[in-house]
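The structure appears right after this line, and notes come after that.
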Amino acid sequence: MINRECGVYQTTYEGDMAIYPVPLARYAAVGSIGVLVLLPLVLDSHQMALVNLMILAAVGAIGLNILVGYTGQVSLGHGAFMMVGSYTAAILTARYDVPFWLALPCGGAVAALVGVFFGIPSLRIKGLYLAIATLAAQFIIEWVINHSTWISAGAQATIYISTPTVFGWEINTEFRRFYMILPAAVIAYVGALNLVRSRVGRAFIAVRDRDVAAEIIGVNIFKYKLLAFAVSSFYAGVAGALWTYYLKIANYEHFTLGTSVQYLAMIIIGGLGSVLGSVFGAVFITLLPIVLVYVVEGSARLFGFEYAAIADFLANLRLIIFGTLIILFLAIEPEGLYRLWGNVRRYFRLWPFSY
Amino acid sequence: MGFFADLFVNGLMIGSMYALIALGFVLIYKATSVVNFAQGELVMFGGYIAAAMLSLYHLPLAVALPVLLVSMVILGFAVERGVLRPLVGQNVISVVMVTIGLAQVFQGLAAMVWGAQTINISLPIRLEPYQIWEVYISPINVVAAVISGVFLVGFAWFFRKSRMGVAMRAVANDQQAAMAVGINVRFVFAASWAIAGLAAGIGGVVWGNMLGVDTHLALVGLKVFPAVILGGLDSVPGAVVGGLLIGAIESVAAGYVDPYVGGGTKDFLPYVLMIVALLIRPYGFFGREIIERV
Amino acid sequence: MQLRIVLIGILTLVLATGFAAPATADHVIKVGGQCDRTGATKLVGVEICPGISDYVKLVNKKGGVLGHKIEHTEIEHGYLVDRGVEAYERLKRDGAVAVFDYGTPIVYALTPRHMEDKIPAITPGFGRADSTDGTVWPYIFPMAASYWSQAGAAMEYIKQKGGKRGTKVAYLYFDNPAGREGIPIVEVVAAKEGYQLRLFAVPSPGLEMGPQVIDITRRFKADWVVGHLFGRSPSVSIKELKKAGFPMDHVVSFVWGAGEADIEAAGWDVAQGYLGMQFTSPGRNLPVIQEILKMYRDEGKEVPAYVGGVYYSRGVLNAAVIVEGVRLAIQNFGLPVTGEKVKKGYELMKNFDLQGFLPPMTVTPTDHEGGGWVRLYQVRGKEWVPATDWFRGYREEVLAQVKKVNDAHKAAAKK
């Protein structure tokens with residue numbers, strides 16, 4: 001509406017290459033950040049916790065989408081790399097008093113290194129070997145963390161960190177946790193947007209779409225596949241480190257194969273190959289179990305049967321809906337929720353005209 | 001020596017059960033180039049159907065077994081028709097992720113239909129071991145191994161001699177050429193899923209007996225990956241050899257290495273072997289050496 | 001188009017009723033807990049959680065706690081830490097004053113929050129063994145034998161049955177932090193008594209343990225197996241040990257490998273003689289269970305098979321402990337009930353045994369465990385039959401370990 005591109009002329013290269021060349025889009029982006037910053041004023045603690053979970057999920061999802069959506073490689077080990085980042089951050093914080101803003105990238109870096117280690121054998125070959133290798137990574141990493149006392153600090157394989165203090169502020173409410181993780185998430189988001197617009201990002205897309213042609217024009221496929229995997233693992237590591245700060249512990253049972261599948265679901269449903277789509281997917285998957293519970297509880301109250309009687313049914317329904325949604329979205333709408341959002345935007349671009 | 005022999009023999013027997021699952025997986029990959037991440041769930045479903053018939057409805061084995069096989073075949077057809085057919089045009093990644101989604105659906109469905117409790121499959125064979133030379137062998141393990149072996153041999157014969165089997169190999173080799181010769185490729189796809197379902201059903205019975213049937217049974221499907229990478233993703237004899245190898249290695253290694261590393265060797269050594277195999281010989285022992293290197 | 005509007009209308013209606021906060025009656029005391037009905041321990045969860053809700057229903061039917069109704073909210077978490085944390089936050093928002101944290105990893109994750117929010121958590125039969133000392137962990141209450149106490153009791157039984165220098169004990173455990181908790185105690189006792197001890201880890205999810213069992217029976221030739229397995233693994237261990245020819249009556253399992261569901265999965269005829277540890281009394285003869293049965297009959301509902309079973313009874317225990325804590329809180333500190341008052345209420349519990357259902361439990365600020373009493377039951381025929389009376393073992397060693405770990409923790413916290 002208000003034909004947004006009307007009258008917008010770029011006169012510099014920078015203007016043309018900006019993420020949001022259209023002023024309206026720029027204001028919208030800044031506005032959404034403003035809304036996010038002011039969110040704690042209107043939400044209560046539990047809702048804030050939900051938002052925090054969504055943001056944490058989004059960071060990981062963005063990373064995975066860079067690998068799967070933009071470069072076309074399937075990874076089942078996202079949970080394992082999050083585990084690596086999580087433990088790294090915990091060890092650095094608990095034993096060496098590394099501050100928050102340094103521990104996050106360190107967690108990411110270590111996860112990226114581990115990722116490269118698993119990526120090298122499997123990315124050399126075309127095909128789904130990465131998926132299988134990351135499956136192996138999941139188990140191997142879990143075993144290593146579980147069994148090496150230097151990492152896991154004893155029988156519990158759980159590392160505690162005391163309440164984190166950022167710039168002297170103790171982070172012990174959901175609202176403060178929100179402000180702690182929001183900057184990292186925004187940086188991750190903007191970083192991803194820039195990455196995919198850049199030369200590297202275009203190389204990723206080339207590898208996904210026509211790797212033979214890409215090779216011919218000089219794109220080093222192995223290098224870019226490995227880079228994508230490293231970036232994705234970096235994001236996973238940062239996400240894992242954020243989890244450590246959020247929960248104040250690092251525990252490997254938190255990141256299982258199911259976690260990796262969940263992230264895959266997020267990006268499939270949200271939209272492969274789109275950063276905003278990853279966020280949509282993260283929001284959707286995080287809210288799904290909660291909405292489901294509300295719906296069932298609501299209908300229980302409406303139709304008068306006890307929750308206890310259908311608790312089992314409900315719990316399994318979530319899994320079924322999960323899997324069905326993955327299949328449906330892949331079959332019908334491979335571009336996921338992002339496409340639906342795009343449809344809405346497209347409609348409003350011309351509104352009130354129809355063409 | 002006795003200890004090693006025990007571990008080795010046991011490992012081989014379990015390996016034959018792995019081989020059964022690996023066989024189903026390789027079948028699907030060979031015919032349709034799809035990496036089926038839901039193979040474990042198919043095994044689980046087979047186990048549930050068998051357990052339901054034997055333990056819940058108390059049907060005799062002679063009735064239960066054919067019903068199981070038939071239902072698994074139908075399930076295979078249904079999955080192929082309902083879930084994979086709509087995705088025919090799309091790239092392989094989508095199909096792989098569809099199988100992952102399918103796995104979740106199966107898990108939730110099985111738990112919903114049959115409940116969360118573990119169901120026991122008891123076959124009328126004794127559990128206590130017999131002693132042969134220095135090795136203790138439990139009859140039930142032997143029976144499981146024999147069942148797996150029989151089916152493996154049957155499948156091998158099927159692929160070599162029967163018309164359908166040869167047709168499947170043709171499709172796996174070159175789809176276009178097979179179509180040109182008049183083979184109904186769509187039916188071959190469906191048949192490969194059906195047979196994989198069948199193998200999974202047998203696997204479900206033997207594994208369900210060993211471990212008890214519930215949704216965790218699907219996790220044995222994860223062991224199939226090291227087996228097929230070692231044996232070759234598209235090779236049926238490779239699946240068998242890979243399965244036996246993984247079974248034996250993991251058993252022996254666990255017995256000897258576990259005490260030094262605090263346990264868990266079984267769960268991580270096969271995967272390490274797999275990574276090593278990817279590095280040096282990605283097409284496995286028997287796979288075709290058509291690997292495009294980047 | 002019509003259909004779509006109708007569907008959206010229904011969905012909105014249902015969502016709206018779901019979101020609308022239920023009209024809360026005055027003086028309703030809220031408690032809650034997570035439940036695992038789909039995850040790794042769902043075998044246990046689907047029986048424990050009905051136990052809790054049934055007991056709460058019973059209490060409410062009898063007029064509530066000193067006239068106040070109790071509202072228990074169960075939130076499914078699939079044994080996952082993040083969902084468990086989210087569930088706790090929801091319970092907190094709804095005003096819960098006492099919670100049951102389901103799962104050792106969840107207890108560890110939520111410990112800092114319990115301390116901050118001053119809402120006490122109970123963790124009967126699992127949880128963190130070091131929270132036995134309530135002065136270091138004021139808001140975590142094991143309320144039943146911790147894994148250390150269970151280990152002590154198992155070793156005590158072995159001693160009673162003829163353990164002597166050189167007896168070989170195999171500790172077969174689930175390879176995760178919960179499973180490893182038993183290790184310090186079995187090692188200390190084995191050193192003290194001169195047993196030969198070897199540890200055998202079963203990796204998650206505990207489906208395959210062939211090599212471990214072969215090692216136990218052929219190479220190590222153990223005399224006793226002490227098992228700390230849960231989820232799927234106890235039944236698998238029973239079958240495997242049987243296949244290897246190991247006598248079932250020399251296998252002692254901790255509390256989570258001792259349910260009917262585990263034996264069902266393995267086969268009753270296979271498990272004859274197997275010993276399992278309990279911290280409640282299973283069975284339907286107990287007054288509390290009888291009352292619950294009567295409640296079912298009064299409502300005209302069919303009694304589910306699991307009522308009176310091992311895990312169901314533990315659910316009843318959980319609810320009973322929470323109710324008792326609330327009762328003591330109201331009696332001694334008055335309304336409105338808060339988490340702090342419930343915590344103090346817990347610490348006033350004396351000889352609480354729910355008409356023979358539990359060993360008499362006394363909780364003090366220094367002993368959040370309630371004594372650590374257990375009982376061994378054995379599989380005979382088609383049921384669990386008591387094999388010993390309430391006992392506990394190596395209490396000094398257990399308490400010494402508690403002190404050791406907590407001292408280290410205090411030292412670390414001071415830094």
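Identifiers for the structure tokens are assigned positionally: chains receive A, B, ... in sequence, residues are indexed from 1 per chain, and ligands are indexed from 1 in the order shown.
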Residues within 8 Å of stretch 131-140 of chain A, only C-alpha atoms, excluding chain neighbours under 5 positions, as a PyMOL selection string: (chain A and resi 73-81+118-119+122+256-257) or (chain B and resi 225+267-268+271-272+274-275)
Interface list for chain B, partner chain C, 8 Å threshold, only C-alpha atoms, as a PyMOL selection string: chain B and resi 3+6-7+10+111+116-120+122+127-129+136+138+210-213+216-217+251-252+254-255+258-259+262-264+266-267
Those in stretch 264-403 of chain C with strand (DSSP E) from DSSP, as number ranges by chain: C: 275-278, 375-380, 383-386
From B:Phe189, B:Met72, B:Leu20, B:Met97, residue lying nearest B:Arg85 [only C-alpha atoms]: B:Phe189
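Straight-line separation from atom CA of A:Leu288 to atom CA of C:Asp36: 17.4 Å.
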Computed interatomic separation between atom CA of C:Met349 and atom CA of C:Tyr311 (Å):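 Separation of atom CA of C:Met349 and atom CA of C:Tyr311: 23.1 Å.
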Exercise: A:Phe222 partners within 7 Å, only C-alpha atoms, chain neighbours under 2 positions left out, as a PyMOL selection string: (chain A and resi 123-124+220+224-226) or (chain B and resi 294)
Preceding selection exported with C-alpha atoms as an mmCIF file, in the first residue's frame:
data_model
loop_
_atom_site.group_PDB
_atom_site.id
_atom_site.type_symbol
_atom_site.label_atom_id
_atom_site.label_comp_id
_atom_site.auth_asym_id
_atom_site.auth_seq_id
_atom_site.Cartn_x
_atom_site.Cartn_y
_atom_site.Cartn_z
ATOM 1 C CA LEU A 123 31.949 -32.893 1.769
ATOM 2 C CA ARG A 124 34.547 -34.154 -0.641
ATOM 3 C CA ASN A 220 35.625 -23.993 -5.684
ATOM 4 C CA TYR A 224 32.359 -23.209 -0.283
ATOM 5 C CA LYS A 225 30.626 -26.292 1.008
ATOM 6 C CA LEU A 226 33.099 -26.443 3.833
ATOM 7 C CA VAL B 294 34.569 -32.356 -5.396
#
Alpha helix (DSSP H) residues, from DSSP on the backbone, in stretch 65-118 of chain B, as a ChimeraX atom specification: /B:65-79,92-114
Between atom CA of C:Gly325 and atom CA of C:Ser253, distance in Å (one decimal): 29.7 Å
Chain B contacts on chain A, only C-alpha atoms, 9 Å, as a PyMOL selection string: chain A and resi 68+72-74+118+120-129+132-133+135-137+139-144+147-148+220-222+261+264-265+268+312-328+330-332+334
File of the preceding selection, C-alpha atoms, as a compact mmCIF listing (two decimals), in the first residue's frame:
# COMPACT_ATOMS: atom_id res chain seq x y z
CA VAL A 68 20.69 -26.47 4.10
CA GLY A 72 21.79 -27.48 -0.26
CA GLN A 73 23.58 -29.76 2.19
CA VAL A 74 21.60 -31.69 4.76
CA PHE A 118 33.55 -33.67 10.26
CA ILE A 120 36.24 -32.58 5.39
CA PRO A 121 35.69 -36.30 4.76
CA SER A 122 32.06 -36.01 3.89
CA LEU A 123 31.95 -32.89 1.77
CA ARG A 124 34.55 -34.15 -0.64
CA ILE A 125 31.94 -36.45 -2.09
CA LYS A 126 28.77 -35.41 -3.76
CA GLY A 127 25.65 -36.83 -2.30
CA LEU A 128 24.07 -37.18 1.08
CA TYR A 129 27.21 -38.17 2.88
CA ILE A 132 25.22 -39.39 7.45
CA ALA A 133 28.49 -37.94 8.70
CA LEU A 135 24.59 -38.19 12.27
CA ALA A 136 27.86 -39.82 13.28
CA ALA A 137 29.04 -36.49 14.64
CA PHE A 139 26.93 -39.62 18.54
CA ILE A 140 30.67 -39.16 18.60
CA ILE A 141 30.53 -35.69 20.09
CA GLU A 142 28.01 -36.80 22.68
CA TRP A 143 30.22 -39.68 23.67
CA VAL A 144 33.35 -37.54 23.88
CA HIS A 147 33.26 -39.46 28.82
CA SER A 148 36.01 -36.95 29.00
CA ASN A 220 35.62 -23.99 -5.68
CA ILE A 221 32.81 -26.26 -4.60
CA PHE A 222 34.60 -28.03 -1.79
CA VAL A 261 15.54 -32.87 13.67
CA LEU A 264 15.50 -29.08 10.40
CA ALA A 265 11.76 -28.88 10.84
CA ILE A 268 11.65 -26.51 6.35
CA ASP A 312 -1.08 -39.44 26.38
CA PHE A 313 -2.91 -38.75 23.18
CA LEU A 314 -1.85 -35.13 23.26
CA ALA A 315 1.77 -35.85 23.86
CA ASN A 316 1.99 -38.11 20.84
CA LEU A 317 -0.14 -35.86 18.72
CA ARG A 318 2.64 -33.33 18.81
CA LEU A 319 5.07 -35.73 17.19
CA ILE A 320 2.59 -36.68 14.52
CA ILE A 321 1.74 -33.10 13.72
CA PHE A 322 5.43 -32.31 13.58
CA GLY A 323 6.18 -34.98 11.05
CA THR A 324 3.05 -34.34 9.04
CA LEU A 325 3.85 -30.65 8.81
CA ILE A 326 7.33 -31.42 7.54
CA ILE A 327 5.93 -33.67 4.86
CA LEU A 328 3.14 -31.30 3.93
CA LEU A 330 7.87 -30.12 1.60
CA ALA A 331 5.26 -31.44 -0.75
CA ILE A 332 3.05 -28.43 -1.09
CA PRO A 334 8.68 -25.92 -0.15
For A:Tyr189, the nearest of the candidates A:Tyr235, A:Phe353, A:Phe255, A:Trp243, counting only C-alpha atoms: A:Tyr235
Of the listed residues A:Tyr338, A:Trp169, A:Tyr96, A:Tyr355, that which approaches chain C most closely, counting only C-alpha atoms: A:Tyr96
Residues near C:Pro386, cut-off 8 Å, only C-alpha atoms, skip fewer than 5 positions along chain, as a PyMOL selection string: chain C and resi 375-378
Save out the residues we just selected, C-alpha atoms, as a PDB file, in the first residue's frame.
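Writing the result to selection-v4.pdb gives the following:
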ATOM      1  CA  ARG C 375      12.891 -52.080  50.618  1.00  0.00           C
ATOM      2  CA  LEU C 376      13.768 -54.881  48.259  1.00  0.00           C
ATOM      3  CA  TYR C 377      11.064 -56.697  46.355  1.00  0.00           C
ATOM      4  CA  GLN C 378      11.477 -59.834  44.320  1.00  0.00           C
TER       5      GLN C 378
END
